[in-house]
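J.: One structure, as structure tokens, below. Some questions next.
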Amino acid sequence: MTTDDAVRATTDVRGLAEADLDRALDLSYTVFHLKPGDRTRSFHRDLLRDGLRVGAYDGEQLAGLAGAHRRTMTVPGGQLPCAAVDFVSVLPTHRRRGILNSMMDDLWRRCAADGRPLACLWPSESAIYGRYGFGVATEVYRIEIDASRPLALRAAPDSRPLRLIDPAEAPAMLAPRYEATLPQRAGRFTRDESWWRAGALDLDGVRMNAGQDGFGPARVVVLGAPGEQPGGYAFYRTRGPGEGPGVVRVDELEAESAPAAAALWSYLASIDLTSTVRAERRPADDPLLYLAADRDQVRVTGREPSLWLRLVDVRTALTDRSWAAPVDLVLDLRDTALPANAGRFRLTAGPADPAGPVGATWEPTDEAPDISLDVRELASCYLGGTPLRHFVHAGLATEHTPGAVRRLDAALETAWLPFTGENH
């Protein structure tokens, strides 16, 4: 028996007991080379305690960890429970021994038992997760504005007043605006008050390395007079001129309309002692890119994958989303990690009919397939962000019936591209 075989034989993958939470965090910090403060550790402990969690034990030693936060994500036409996978760690002494595979298998069972047809993650090493059925479902643009001169726009900004508010007031005041914009794009997450405080604004100072980048505390600007629902808002931080020019870093911006967005961007580009506005995470179809009168002033400086998605329960995922056009096709789906998803299925779907059912049907069939693909590619297409034809052109999916991929792409299409503004 080899050393690796011996480790597999003695490794027990099971639910992580609450008594082992601190051991688990120590393991994760070792793997990711982190040294968090007390507030950050307490925040992480609460996240791990309240989520799904799996540990891999080599005798009495904790050798691996995988967890998932319970989140709710927007999908076309609705929302679905989602497991946001996090804390995935294997001790360097125990790598390449099948521990991660075993933990992910256990995590899928827990997702099913918890009623979560979707899983997602933001990988630190993107090469790892494709083999577990995750595909890139949303992308973000990095946008930079030259704010050394007034921002030139092709549309007049909303004339309502702009005002700064105390960030502590933001969760209660801005939650209705955020929730109103949620259905517009798939790939976004509902928020409770604790997530507003910690995830969106970091009001409790739990983010790693917060304040060490030279930027000041979060500022919140809203559009609209006191007492009325804001037409939009932005979270931002500033760094004054020093070794380089002053910068405004935009962490989040939501607006009910293009004029409202124009008002907020114009404000951000006019802040004294700054000459650059940087937004690290914006949708690929951000209206700002079309509002700009001078595209040399508003530039896309980067494009990168954001949310990776996994369809844990393909049937529920497909039947609980909306469809833009009629489609009736047989798909031959591969899924080596979750065999219950694999096989030939007839997908029948179409736009919601007020007199009929909403959604789709997904039924086993022996008929010849119109399209063959892997669950990873289906996950990438699911939110409407990536046409399946791109994968056909790359040789990663096969069209057996001419026109089938075009019909499926038309059915999956959404009015707005999916977007995930969060990165954790």
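The chains in the structure tokens are called A, B, ... from first to last as shown; in each chain the residues are counted from 1, and the ligands are counted from 1 in the order shown.
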List the spatial neighbours of A:Arg344 as a VMD selection string - criterion: any atom at most 8 Å away, only C-alpha atoms, same-chain residues fewer than 2 positions off excluded.
T.: chain A and resid 330 to 333 342 346 364 to 367 369
J.: Got time to write the residues from that selection, N, CA and C atoms, as a compact mmCIF listing (two decimals), in the first residue's frame?
T.:
```txt
# COMPACT_ATOMS: atom_id res chain seq x y z
N VAL A 330 -33.67 18.02 -27.43
CA VAL A 330 -33.12 16.93 -26.64
C VAL A 330 -31.65 17.23 -26.38
N LEU A 331 -31.27 17.26 -25.10
CA LEU A 331 -29.90 17.52 -24.71
C LEU A 331 -29.29 16.25 -24.13
N ASP A 332 -28.08 15.95 -24.56
CA ASP A 332 -27.31 14.85 -23.98
C ASP A 332 -26.31 15.50 -23.03
N LEU A 333 -26.56 15.37 -21.73
CA LEU A 333 -25.80 16.11 -20.72
C LEU A 333 -24.83 15.19 -20.00
N ALA A 342 -26.95 13.44 -15.32
CA ALA A 342 -26.45 13.03 -16.63
C ALA A 342 -27.49 12.22 -17.40
N ARG A 346 -35.35 15.81 -22.67
CA ARG A 346 -36.04 16.75 -23.54
C ARG A 346 -36.37 18.01 -22.74
N PRO A 364 -36.57 12.74 -19.02
CA PRO A 364 -35.69 11.76 -19.67
C PRO A 364 -36.29 11.29 -20.99
N THR A 365 -35.41 10.97 -21.93
CA THR A 365 -35.86 10.48 -23.24
C THR A 365 -34.79 9.59 -23.85
N ASP A 366 -35.21 8.73 -24.78
CA ASP A 366 -34.27 7.90 -25.54
C ASP A 366 -34.06 8.45 -26.94
N GLU A 367 -34.65 9.58 -27.24
CA GLU A 367 -34.53 10.15 -28.58
C GLU A 367 -33.11 10.64 -28.85
N PRO A 369 -30.08 13.02 -29.61
CA PRO A 369 -29.86 14.37 -29.08
C PRO A 369 -29.73 15.41 -30.19
```
J.: Could you name the residues that touch stretch 145-153 of chain A at 9 Å or less, counting only C-alpha atoms, but leaving out those on the same chain fewer than 6 positions away, as a ChimeraX atom specification?
T.: /A:262,265-271,274-279,288,290-294,296-299
J.: With N, CA, C and O atoms retained, export the selected residues as a JSON list (two decimals), in the first residue's frame.
T.:
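And here's out.json as it stands now:
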```
[["chain", "number", "residue", "atom", "x", "y", "z"],
["A", 262, "ALA", "N", -26.28, 58.74, -14.51],
["A", 262, "ALA", "CA", -25.48, 59.87, -14.98],
["A", 262, "ALA", "C", -25.21, 60.86, -13.86],
["A", 262, "ALA", "O", -24.11, 61.41, -13.75],
["A", 265, "TRP", "N", -22.48, 59.22, -11.50],
["A", 265, "TRP", "CA", -21.15, 59.19, -12.10],
["A", 265, "TRP", "C", -20.57, 60.60, -12.23],
["A", 265, "TRP", "O", -19.36, 60.81, -12.01],
["A", 266, "SER", "N", -21.42, 61.56, -12.56],
["A", 266, "SER", "CA", -20.95, 62.95, -12.67],
["A", 266, "SER", "C", -20.44, 63.44, -11.32],
["A", 266, "SER", "O", -19.40, 64.13, -11.24],
["A", 267, "TYR", "N", -21.16, 63.09, -10.26],
["A", 267, "TYR", "CA", -20.71, 63.48, -8.91],
["A", 267, "TYR", "C", -19.36, 62.84, -8.59],
["A", 267, "TYR", "O", -18.44, 63.52, -8.11],
["A", 268, "LEU", "N", -19.24, 61.55, -8.82],
["A", 268, "LEU", "CA", -18.00, 60.84, -8.47],
["A", 268, "LEU", "C", -16.80, 61.40, -9.23],
["A", 268, "LEU", "O", -15.68, 61.41, -8.71],
["A", 269, "ALA", "N", -17.03, 61.87, -10.45],
["A", 269, "ALA", "CA", -15.95, 62.41, -11.27],
["A", 269, "ALA", "C", -15.64, 63.87, -10.94],
["A", 269, "ALA", "O", -14.72, 64.44, -11.54],
["A", 270, "SER", "N", -16.38, 64.45, -10.00],
["A", 270, "SER", "CA", -16.18, 65.87, -9.68],
["A", 270, "SER", "C", -15.63, 66.10, -8.29],
["A", 270, "SER", "O", -15.53, 67.25, -7.84],
["A", 271, "ILE", "N", -15.26, 65.05, -7.57],
["A", 271, "ILE", "CA", -14.80, 65.19, -6.19],
["A", 271, "ILE", "C", -13.43, 65.87, -6.18],
["A", 271, "ILE", "O", -12.51, 65.48, -6.90],
["A", 274, "THR", "N", -9.13, 64.81, -6.61],
["A", 274, "THR", "CA", -9.02, 63.51, -7.27],
["A", 274, "THR", "C", -9.06, 63.73, -8.78],
["A", 274, "THR", "O", -9.66, 64.69, -9.26],
["A", 275, "SER", "N", -8.43, 62.85, -9.50],
["A", 275, "SER", "CA", -8.40, 62.99, -10.96],
["A", 275, "SER", "C", -8.70, 61.67, -11.68],
["A", 275, "SER", "O", -8.66, 61.62, -12.90],
["A", 276, "THR", "N", -9.02, 60.62, -10.91],
["A", 276, "THR", "CA", -9.32, 59.33, -11.50],
["A", 276, "THR", "C", -10.44, 58.67, -10.71],
["A", 276, "THR", "O", -10.46, 58.72, -9.48],
["A", 277, "VAL", "N", -11.38, 58.08, -11.43],
["A", 277, "VAL", "CA", -12.42, 57.26, -10.82],
["A", 277, "VAL", "C", -12.22, 55.83, -11.31],
["A", 277, "VAL", "O", -12.12, 55.59, -12.52],
["A", 278, "ARG", "N", -12.14, 54.88, -10.38],
["A", 278, "ARG", "CA", -11.95, 53.48, -10.74],
["A", 278, "ARG", "C", -13.08, 52.64, -10.16],
["A", 278, "ARG", "O", -13.37, 52.72, -8.98],
["A", 279, "ALA", "N", -13.69, 51.87, -11.03],
["A", 279, "ALA", "CA", -14.72, 50.91, -10.61],
["A", 279, "ALA", "C", -14.23, 49.53, -11.01],
["A", 279, "ALA", "O", -14.07, 49.24, -12.20],
["A", 288, "LEU", "N", -23.05, 53.28, -18.59],
["A", 288, "LEU", "CA", -22.04, 54.33, -18.61],
["A", 288, "LEU", "C", -21.20, 54.28, -19.88],
["A", 288, "LEU", "O", -20.80, 55.32, -20.41],
["A", 290, "TYR", "N", -22.07, 53.67, -22.78],
["A", 290, "TYR", "CA", -22.79, 54.25, -23.91],
["A", 290, "TYR", "C", -23.17, 55.71, -23.63],
["A", 290, "TYR", "O", -23.33, 56.51, -24.56],
["A", 291, "LEU", "N", -23.29, 56.06, -22.36],
["A", 291, "LEU", "CA", -23.58, 57.45, -21.99],
["A", 291, "LEU", "C", -22.39, 58.36, -22.24],
["A", 291, "LEU", "O", -22.55, 59.56, -22.49],
["A", 292, "ALA", "N", -21.18, 57.81, -22.16],
["A", 292, "ALA", "CA", -19.98, 58.64, -22.27],
["A", 292, "ALA", "C", -19.89, 59.30, -23.65],
["A", 292, "ALA", "O", -19.95, 58.62, -24.68],
["A", 293, "ALA", "N", -19.75, 60.62, -23.66],
["A", 293, "ALA", "CA", -19.60, 61.34, -24.92],
["A", 293, "ALA", "C", -18.20, 61.16, -25.50],
["A", 293, "ALA", "O", -18.00, 61.28, -26.70],
["A", 294, "ASP", "N", -17.24, 60.87, -24.63],
["A", 294, "ASP", "CA", -15.85, 60.70, -25.06],
["A", 294, "ASP", "C", -15.35, 59.39, -24.47],
["A", 294, "ASP", "O", -15.05, 59.31, -23.28],
["A", 296, "ASP", "N", -12.59, 58.05, -24.78],
["A", 296, "ASP", "CA", -11.23, 58.15, -24.26],
["A", 296, "ASP", "C", -11.23, 58.56, -22.79],
["A", 296, "ASP", "O", -10.27, 58.33, -22.07],
["A", 297, "GLN", "N", -12.34, 59.18, -22.35],
["A", 297, "GLN", "CA", -12.45, 59.60, -20.96],
["A", 297, "GLN", "C", -12.95, 58.47, -20.07],
["A", 297, "GLN", "O", -12.61, 58.41, -18.89],
["A", 298, "VAL", "N", -13.74, 57.58, -20.62],
["A", 298, "VAL", "CA", -14.28, 56.42, -19.89],
["A", 298, "VAL", "C", -13.77, 55.17, -20.59],
["A", 298, "VAL", "O", -14.20, 54.85, -21.70],
["A", 299, "ARG", "N", -12.85, 54.46, -19.95],
["A", 299, "ARG", "CA", -12.18, 53.34, -20.59],
["A", 299, "ARG", "C", -12.39, 52.04, -19.82],
["A", 299, "ARG", "O", -12.43, 52.05, -18.59]]
```
J.: Check stretch 81-195 of chain A with DSSP on the backbone and list each residue it calls helix (DSSP H, G or I), as a compact mmCIF listing (two decimals) with all heavy atoms, in the first residue's frame.
T.:
```
# COMPACT_ATOMS: atom_id res chain seq x y z
N PRO A 92 -1.19 21.33 3.08
CA PRO A 92 -0.18 21.03 2.05
C PRO A 92 0.42 19.64 2.18
O PRO A 92 0.90 19.08 1.19
CB PRO A 92 0.87 22.13 2.26
CG PRO A 92 0.60 22.72 3.60
CD PRO A 92 -0.86 22.53 3.86
N THR A 93 0.38 19.06 3.37
CA THR A 93 0.89 17.69 3.56
C THR A 93 -0.06 16.63 3.04
O THR A 93 0.30 15.45 2.97
CB THR A 93 1.12 17.44 5.05
OG1 THR A 93 -0.08 17.75 5.78
CG2 THR A 93 2.27 18.29 5.57
N HIS A 94 -1.30 17.03 2.67
CA HIS A 94 -2.32 16.06 2.29
C HIS A 94 -2.89 16.31 0.89
O HIS A 94 -3.93 15.77 0.54
CB HIS A 94 -3.46 16.07 3.31
CG HIS A 94 -3.11 15.45 4.62
ND1 HIS A 94 -2.16 15.97 5.47
CD2 HIS A 94 -3.58 14.33 5.23
CE1 HIS A 94 -2.07 15.23 6.55
NE2 HIS A 94 -2.91 14.21 6.43
N ILE A 99 -8.70 14.08 -1.28
CA ILE A 99 -9.48 14.65 -0.18
C ILE A 99 -10.48 15.68 -0.69
O ILE A 99 -11.64 15.71 -0.27
CB ILE A 99 -8.54 15.27 0.88
CG1 ILE A 99 -7.80 14.14 1.62
CG2 ILE A 99 -9.31 16.13 1.87
CD1 ILE A 99 -6.79 14.64 2.62
N LEU A 100 -10.04 16.55 -1.62
CA LEU A 100 -10.97 17.55 -2.15
C LEU A 100 -12.14 16.89 -2.86
O LEU A 100 -13.29 17.31 -2.69
CB LEU A 100 -10.22 18.51 -3.09
CG LEU A 100 -11.07 19.62 -3.71
CD1 LEU A 100 -11.77 20.44 -2.63
CD2 LEU A 100 -10.22 20.51 -4.60
N ASN A 101 -11.87 15.85 -3.65
CA ASN A 101 -12.96 15.14 -4.31
C ASN A 101 -13.97 14.62 -3.30
O ASN A 101 -15.19 14.75 -3.49
CB ASN A 101 -12.40 13.96 -5.12
CG ASN A 101 -11.63 14.40 -6.34
OD1 ASN A 101 -11.73 15.54 -6.76
ND2 ASN A 101 -10.86 13.48 -6.91
N SER A 102 -13.48 14.01 -2.24
CA SER A 102 -14.39 13.45 -1.23
C SER A 102 -15.19 14.54 -0.55
O SER A 102 -16.39 14.37 -0.28
CB SER A 102 -13.58 12.65 -0.20
OG SER A 102 -12.92 11.56 -0.81
N MET A 103 -14.56 15.67 -0.25
CA MET A 103 -15.28 16.75 0.42
C MET A 103 -16.34 17.35 -0.50
O MET A 103 -17.46 17.65 -0.05
CB MET A 103 -14.31 17.84 0.88
CG MET A 103 -13.40 17.42 2.02
SD MET A 103 -12.56 18.82 2.82
CE MET A 103 -11.68 19.55 1.44
N MET A 104 -16.02 17.51 -1.79
CA MET A 104 -17.02 18.06 -2.70
C MET A 104 -18.19 17.10 -2.87
O MET A 104 -19.35 17.53 -2.94
CB MET A 104 -16.38 18.37 -4.05
CG MET A 104 -15.31 19.47 -4.00
SD MET A 104 -15.92 21.06 -3.34
CE MET A 104 -17.00 21.57 -4.66
N ASP A 105 -17.92 15.79 -2.94
CA ASP A 105 -19.01 14.81 -3.02
C ASP A 105 -19.94 14.94 -1.82
O ASP A 105 -21.17 14.91 -1.94
CB ASP A 105 -18.45 13.39 -3.08
CG ASP A 105 -17.82 13.06 -4.42
OD1 ASP A 105 -18.08 13.80 -5.39
OD2 ASP A 105 -17.06 12.08 -4.49
N ASP A 106 -19.36 15.09 -0.64
CA ASP A 106 -20.16 15.25 0.57
C ASP A 106 -20.93 16.57 0.55
O ASP A 106 -22.09 16.65 0.96
CB ASP A 106 -19.26 15.18 1.80
CG ASP A 106 -20.05 15.06 3.09
OD1 ASP A 106 -20.56 16.10 3.56
OD2 ASP A 106 -20.16 13.95 3.63
N LEU A 107 -20.28 17.62 0.05
CA LEU A 107 -20.94 18.93 0.00
C LEU A 107 -22.14 18.91 -0.94
O LEU A 107 -23.18 19.52 -0.64
CB LEU A 107 -19.94 20.00 -0.44
CG LEU A 107 -20.36 21.45 -0.24
CD1 LEU A 107 -20.64 21.75 1.23
CD2 LEU A 107 -19.27 22.39 -0.77
N TRP A 108 -22.04 18.20 -2.07
CA TRP A 108 -23.19 18.10 -2.97
C TRP A 108 -24.38 17.44 -2.28
O TRP A 108 -25.53 17.86 -2.46
CB TRP A 108 -22.82 17.32 -4.23
CG TRP A 108 -21.74 17.87 -5.08
CD1 TRP A 108 -20.78 17.16 -5.75
CD2 TRP A 108 -21.47 19.25 -5.36
NE1 TRP A 108 -19.94 18.01 -6.42
CE2 TRP A 108 -20.34 19.30 -6.21
CE3 TRP A 108 -22.07 20.46 -4.98
CZ2 TRP A 108 -19.80 20.49 -6.68
CZ3 TRP A 108 -21.53 21.66 -5.44
CH2 TRP A 108 -20.42 21.67 -6.28
N ARG A 109 -24.11 16.41 -1.50
CA ARG A 109 -25.21 15.75 -0.77
C ARG A 109 -25.85 16.72 0.21
O ARG A 109 -27.08 16.72 0.38
CB ARG A 109 -24.67 14.51 -0.05
CG ARG A 109 -24.30 13.35 -0.98
CD ARG A 109 -24.03 12.08 -0.21
NE ARG A 109 -22.77 12.14 0.53
CZ ARG A 109 -21.60 11.78 0.01
NH1 ARG A 109 -21.52 11.34 -1.23
NH2 ARG A 109 -20.50 11.83 0.75
N ARG A 110 -25.05 17.53 0.86
CA ARG A 110 -25.60 18.50 1.81
C ARG A 110 -26.40 19.59 1.10
O ARG A 110 -27.41 20.07 1.62
CB ARG A 110 -24.48 19.09 2.66
CG ARG A 110 -23.83 18.07 3.56
CD ARG A 110 -22.62 18.58 4.33
NE ARG A 110 -21.96 17.47 4.99
CZ ARG A 110 -22.33 16.98 6.17
NH1 ARG A 110 -23.34 17.53 6.82
NH2 ARG A 110 -21.69 15.95 6.69
N CYS A 111 -25.95 20.00 -0.09
CA CYS A 111 -26.71 20.97 -0.87
C CYS A 111 -28.09 20.43 -1.23
O CYS A 111 -29.10 21.13 -1.12
CB CYS A 111 -25.95 21.33 -2.15
SG CYS A 111 -24.51 22.39 -1.93
N ALA A 112 -28.13 19.17 -1.66
CA ALA A 112 -29.40 18.54 -2.01
C ALA A 112 -30.32 18.46 -0.81
O ALA A 112 -31.51 18.79 -0.88
CB ALA A 112 -29.16 17.16 -2.61
N ALA A 113 -29.77 18.04 0.34
CA ALA A 113 -30.58 17.92 1.55
C ALA A 113 -31.07 19.28 2.02
O ALA A 113 -32.14 19.38 2.65
CB ALA A 113 -29.77 17.23 2.65
N TYR A 129 -11.72 24.17 -10.50
CA TYR A 129 -13.13 23.90 -10.27
C TYR A 129 -13.93 23.49 -11.50
O TYR A 129 -15.08 23.07 -11.37
CB TYR A 129 -13.76 25.10 -9.56
CG TYR A 129 -13.26 25.21 -8.14
CD1 TYR A 129 -12.21 26.05 -7.81
CD2 TYR A 129 -13.80 24.41 -7.14
CE1 TYR A 129 -11.72 26.12 -6.51
CE2 TYR A 129 -13.31 24.45 -5.84
CZ TYR A 129 -12.28 25.31 -5.54
OH TYR A 129 -11.79 25.37 -4.26
N GLY A 130 -13.34 23.59 -12.69
CA GLY A 130 -14.05 23.12 -13.86
C GLY A 130 -14.37 21.64 -13.79
O GLY A 130 -15.44 21.20 -14.20
N ARG A 131 -13.46 20.88 -13.20
CA ARG A 131 -13.70 19.43 -13.13
C ARG A 131 -14.81 19.07 -12.15
O ARG A 131 -15.28 17.93 -12.13
CB ARG A 131 -12.42 18.69 -12.77
CG ARG A 131 -11.87 18.94 -11.38
CD ARG A 131 -10.64 18.05 -11.16
NE ARG A 131 -10.05 18.18 -9.84
CZ ARG A 131 -9.03 18.98 -9.54
NH1 ARG A 131 -8.51 19.75 -10.49
NH2 ARG A 131 -8.54 19.02 -8.31
N TYR A 132 -15.22 20.02 -11.34
CA TYR A 132 -16.36 19.79 -10.43
C TYR A 132 -17.66 20.35 -11.00
O TYR A 132 -18.66 20.43 -10.28
CB TYR A 132 -16.07 20.40 -9.06
CG TYR A 132 -14.88 19.76 -8.39
CD1 TYR A 132 -13.69 20.44 -8.23
CD2 TYR A 132 -14.96 18.45 -7.93
CE1 TYR A 132 -12.59 19.85 -7.62
CE2 TYR A 132 -13.87 17.84 -7.33
CZ TYR A 132 -12.68 18.55 -7.18
OH TYR A 132 -11.60 17.95 -6.60
N PRO A 167 -22.94 56.04 6.62
CA PRO A 167 -22.97 54.66 6.15
C PRO A 167 -23.78 53.72 7.05
O PRO A 167 -24.35 52.74 6.56
CB PRO A 167 -21.49 54.27 6.10
CG PRO A 167 -20.78 55.55 5.86
CD PRO A 167 -21.56 56.58 6.64
N ALA A 168 -23.83 54.01 8.33
CA ALA A 168 -24.61 53.16 9.24
C ALA A 168 -26.09 53.19 8.92
O ALA A 168 -26.84 52.27 9.27
CB ALA A 168 -24.37 53.58 10.69
N GLU A 169 -26.55 54.27 8.27
CA GLU A 169 -27.96 54.38 7.89
C GLU A 169 -28.27 53.69 6.56
O GLU A 169 -29.43 53.52 6.20
CB GLU A 169 -28.36 55.86 7.79
CG GLU A 169 -28.22 56.65 9.07
CD GLU A 169 -28.53 58.13 8.87
OE1 GLU A 169 -28.89 58.49 7.73
OE2 GLU A 169 -28.40 58.90 9.83
N ALA A 170 -27.22 53.33 5.83
CA ALA A 170 -27.41 52.83 4.47
C ALA A 170 -28.22 51.54 4.39
O ALA A 170 -29.09 51.42 3.51
CB ALA A 170 -26.05 52.66 3.79
N PRO A 171 -27.96 50.53 5.24
CA PRO A 171 -28.72 49.29 5.07
C PRO A 171 -30.23 49.49 5.09
O PRO A 171 -30.93 48.98 4.20
CB PRO A 171 -28.24 48.43 6.24
CG PRO A 171 -26.85 48.90 6.50
CD PRO A 171 -26.90 50.38 6.27
N ALA A 172 -30.75 50.22 6.05
CA ALA A 172 -32.19 50.43 6.14
C ALA A 172 -32.71 51.31 5.02
O ALA A 172 -33.78 51.06 4.45
CB ALA A 172 -32.55 51.04 7.50
N MET A 173 -31.94 52.35 4.66
CA MET A 173 -32.39 53.30 3.66
C MET A 173 -32.31 52.76 2.23
O MET A 173 -33.19 53.02 1.41
CB MET A 173 -31.58 54.60 3.76
CG MET A 173 -32.02 55.68 2.79
SD MET A 173 -30.98 57.16 2.87
CE MET A 173 -31.22 57.63 4.59
N LEU A 174 -31.27 51.99 1.95
CA LEU A 174 -31.00 51.62 0.57
C LEU A 174 -31.44 50.21 0.20
O LEU A 174 -31.46 49.87 -0.98
CB LEU A 174 -29.50 51.77 0.29
CG LEU A 174 -28.93 53.17 0.52
CD1 LEU A 174 -27.47 53.21 0.17
CD2 LEU A 174 -29.71 54.22 -0.27
N ALA A 175 -31.79 49.40 1.18
CA ALA A 175 -32.24 48.04 0.87
C ALA A 175 -33.40 48.01 -0.12
O ALA A 175 -33.39 47.21 -1.06
CB ALA A 175 -32.59 47.29 2.16
N PRO A 176 -34.42 48.90 0.01
CA PRO A 176 -35.52 48.87 -0.97
C PRO A 176 -35.04 49.17 -2.40
O PRO A 176 -35.52 48.55 -3.35
CB PRO A 176 -36.48 49.95 -0.47
CG PRO A 176 -36.23 50.03 0.99
CD PRO A 176 -34.75 49.82 1.14
N ARG A 177 -34.09 50.11 -2.55
CA ARG A 177 -33.58 50.41 -3.89
C ARG A 177 -32.81 49.21 -4.44
O ARG A 177 -32.97 48.84 -5.61
CB ARG A 177 -32.70 51.66 -3.82
CG ARG A 177 -31.80 51.94 -5.03
CD ARG A 177 -32.51 51.93 -6.36
NE ARG A 177 -33.70 52.74 -6.37
CZ ARG A 177 -34.77 52.47 -7.11
NH1 ARG A 177 -34.80 51.38 -7.88
NH2 ARG A 177 -35.83 53.26 -7.07
N TYR A 178 -31.99 48.60 -3.61
CA TYR A 178 -31.22 47.42 -4.05
C TYR A 178 -32.17 46.30 -4.45
O TYR A 178 -32.01 45.68 -5.51
CB TYR A 178 -30.30 46.97 -2.92
CG TYR A 178 -29.50 45.72 -3.23
CD1 TYR A 178 -28.33 45.80 -3.99
CD2 TYR A 178 -29.90 44.47 -2.77
CE1 TYR A 178 -27.59 44.66 -4.27
CE2 TYR A 178 -29.18 43.34 -3.06
CZ TYR A 178 -28.01 43.44 -3.81
OH TYR A 178 -27.29 42.30 -4.10
N GLU A 179 -33.18 46.05 -3.64
CA GLU A 179 -34.12 44.97 -3.93
C GLU A 179 -34.93 45.25 -5.19
O GLU A 179 -35.28 44.32 -5.94
CB GLU A 179 -35.04 44.74 -2.74
CG GLU A 179 -34.30 44.15 -1.53
CD GLU A 179 -35.12 44.19 -0.25
OE1 GLU A 179 -36.30 44.61 -0.33
OE2 GLU A 179 -34.59 43.81 0.81
N ALA A 180 -35.20 46.54 -5.46
CA ALA A 180 -35.95 46.89 -6.66
C ALA A 180 -35.14 46.61 -7.93
O ALA A 180 -35.71 46.29 -8.98
CB ALA A 180 -36.35 48.37 -6.62
N THR A 181 -33.82 46.73 -7.83
CA THR A 181 -32.98 46.48 -9.00
C THR A 181 -32.56 45.02 -9.12
O THR A 181 -32.05 44.61 -10.17
CB THR A 181 -31.72 47.36 -8.97
OG1 THR A 181 -30.96 47.07 -7.79
CG2 THR A 181 -32.09 48.84 -8.98
N LEU A 182 -32.76 44.21 -8.09
CA LEU A 182 -32.33 42.81 -8.13
C LEU A 182 -32.87 42.03 -9.33
O LEU A 182 -32.11 41.32 -9.99
CB LEU A 182 -32.74 42.10 -6.84
CG LEU A 182 -31.76 42.07 -5.67
CD1 LEU A 182 -32.36 41.28 -4.52
CD2 LEU A 182 -30.42 41.46 -6.08
N PRO A 183 -34.18 42.13 -9.65
CA PRO A 183 -34.69 41.30 -10.74
C PRO A 183 -34.14 41.68 -12.11
O PRO A 183 -34.28 40.91 -13.07
CB PRO A 183 -36.21 41.56 -10.69
CG PRO A 183 -36.47 42.09 -9.32
CD PRO A 183 -35.25 42.87 -8.96
N GLN A 184 -33.53 42.85 -12.23
CA GLN A 184 -33.05 43.31 -13.53
C GLN A 184 -31.96 42.41 -14.08
O GLN A 184 -31.87 42.19 -15.28
CB GLN A 184 -32.53 44.74 -13.41
CG GLN A 184 -32.01 45.33 -14.71
CD GLN A 184 -31.65 46.79 -14.56
OE1 GLN A 184 -32.49 47.62 -14.27
NE2 GLN A 184 -30.38 47.09 -14.74
N GLU A 193 -29.45 42.28 6.88
CA GLU A 193 -28.76 43.44 7.46
C GLU A 193 -27.29 43.13 7.74
O GLU A 193 -26.40 43.97 7.52
CB GLU A 193 -29.45 43.89 8.74
CG GLU A 193 -28.81 45.14 9.34
CD GLU A 193 -29.53 45.65 10.57
OE1 GLU A 193 -30.58 45.08 10.93
OE2 GLU A 193 -29.05 46.63 11.19
N SER A 194 -27.01 41.92 8.21
CA SER A 194 -25.63 41.59 8.54
C SER A 194 -24.76 41.59 7.28
O SER A 194 -23.59 42.00 7.32
CB SER A 194 -25.55 40.24 9.25
OG SER A 194 -25.96 39.19 8.40
N TRP A 195 -25.32 41.14 6.15
CA TRP A 195 -24.52 41.14 4.92
C TRP A 195 -24.32 42.56 4.40
O TRP A 195 -23.27 42.88 3.83
CB TRP A 195 -25.16 40.25 3.86
CG TRP A 195 -24.14 39.81 2.86
CD1 TRP A 195 -23.88 40.35 1.63
CD2 TRP A 195 -23.20 38.75 3.02
NE1 TRP A 195 -22.85 39.70 1.02
CE2 TRP A 195 -22.41 38.71 1.84
CE3 TRP A 195 -22.94 37.82 4.04
CZ2 TRP A 195 -21.38 37.78 1.67
CZ3 TRP A 195 -21.92 36.91 3.85
CH2 TRP A 195 -21.16 36.89 2.68
```
J.: Rounded to one decimal place, report the atom CA of A:Glu280-atom CA of A:Arg303 distance in Å.
T.: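 Atom-to-atom, atom CA of A:Glu280 and atom CA of A:Arg303 are spaced 9.5 Å apart.
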J.: If we count only C-alpha atoms, what is near stretch 320-326 of chain A at a cut-off of 8 Å, once residues fewer than 5 positions away on the same chain are taken out, given as a list in words?
T.: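 Close residues of stretch 320-326 of chain A: Val75, Pro76, Gly77, Gly78, Leu80, Thr348, Ala349, Gly350, Pro351, Ala352, Val358, Gly359, Ala360, Arg407, Ala410, Ala411, Leu412, Glu413 and Thr414 of chain A.
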J.: Neighbouring residues of A:Leu16 were defined as those with any atom within 10 Å, considering only C-alpha atoms; residues of the same chain fewer than 6 positions away were excluded. Please report them as a ChimeraX atom specification.
T.: /A:24,48-49,52-57,62,65-67
J.: Find the spatial neighbours of A:Arg71, counting only C-alpha atoms, within a cut-off of 12 Å - ignore same-chain residues fewer than 3 positions away - and output them as a ChimeraX atom specification.
T.: /A:47,50-52,68,74,79-85,111,114-121,187-192,195,424
J.: Pick out each residue of stretch 295-414 of chain A that DSSP on the backbone tags as strand (DSSP E); I need them as a PyMOL selection string.
T.: chain A and resi 298-305+308-311+327-334+343-349+360-364+371-374+398-399
J.: Closest to A:Asp204 among A:Leu417, A:Ala234, A:Pro157, A:Arg39, using only C-alpha atoms?
T.: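 Smallest distance to A:Asp204 is found for A:Arg39.
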J.: If we count only C-alpha atoms, what is near A:Leu378 at a cut-off of 10 Å, once residues fewer than 2 positions away on the same chain are taken out, given as a ChimeraX atom specification?
T.: /A:133-135,137,309-311,314,333-334,373-376,380-383,386-388,391,397
J.: Near A:Leu91, within 9 Å and counting only C-alpha atoms, which residues show up once chain neighbours fewer than 3 positions away are dropped, as a list in words?
T.: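 Non-adjacent residues within range: Leu27, Ser28, Thr30, Val31, Leu62, Ala63, Gly64, His94 and Arg95 of chain A.
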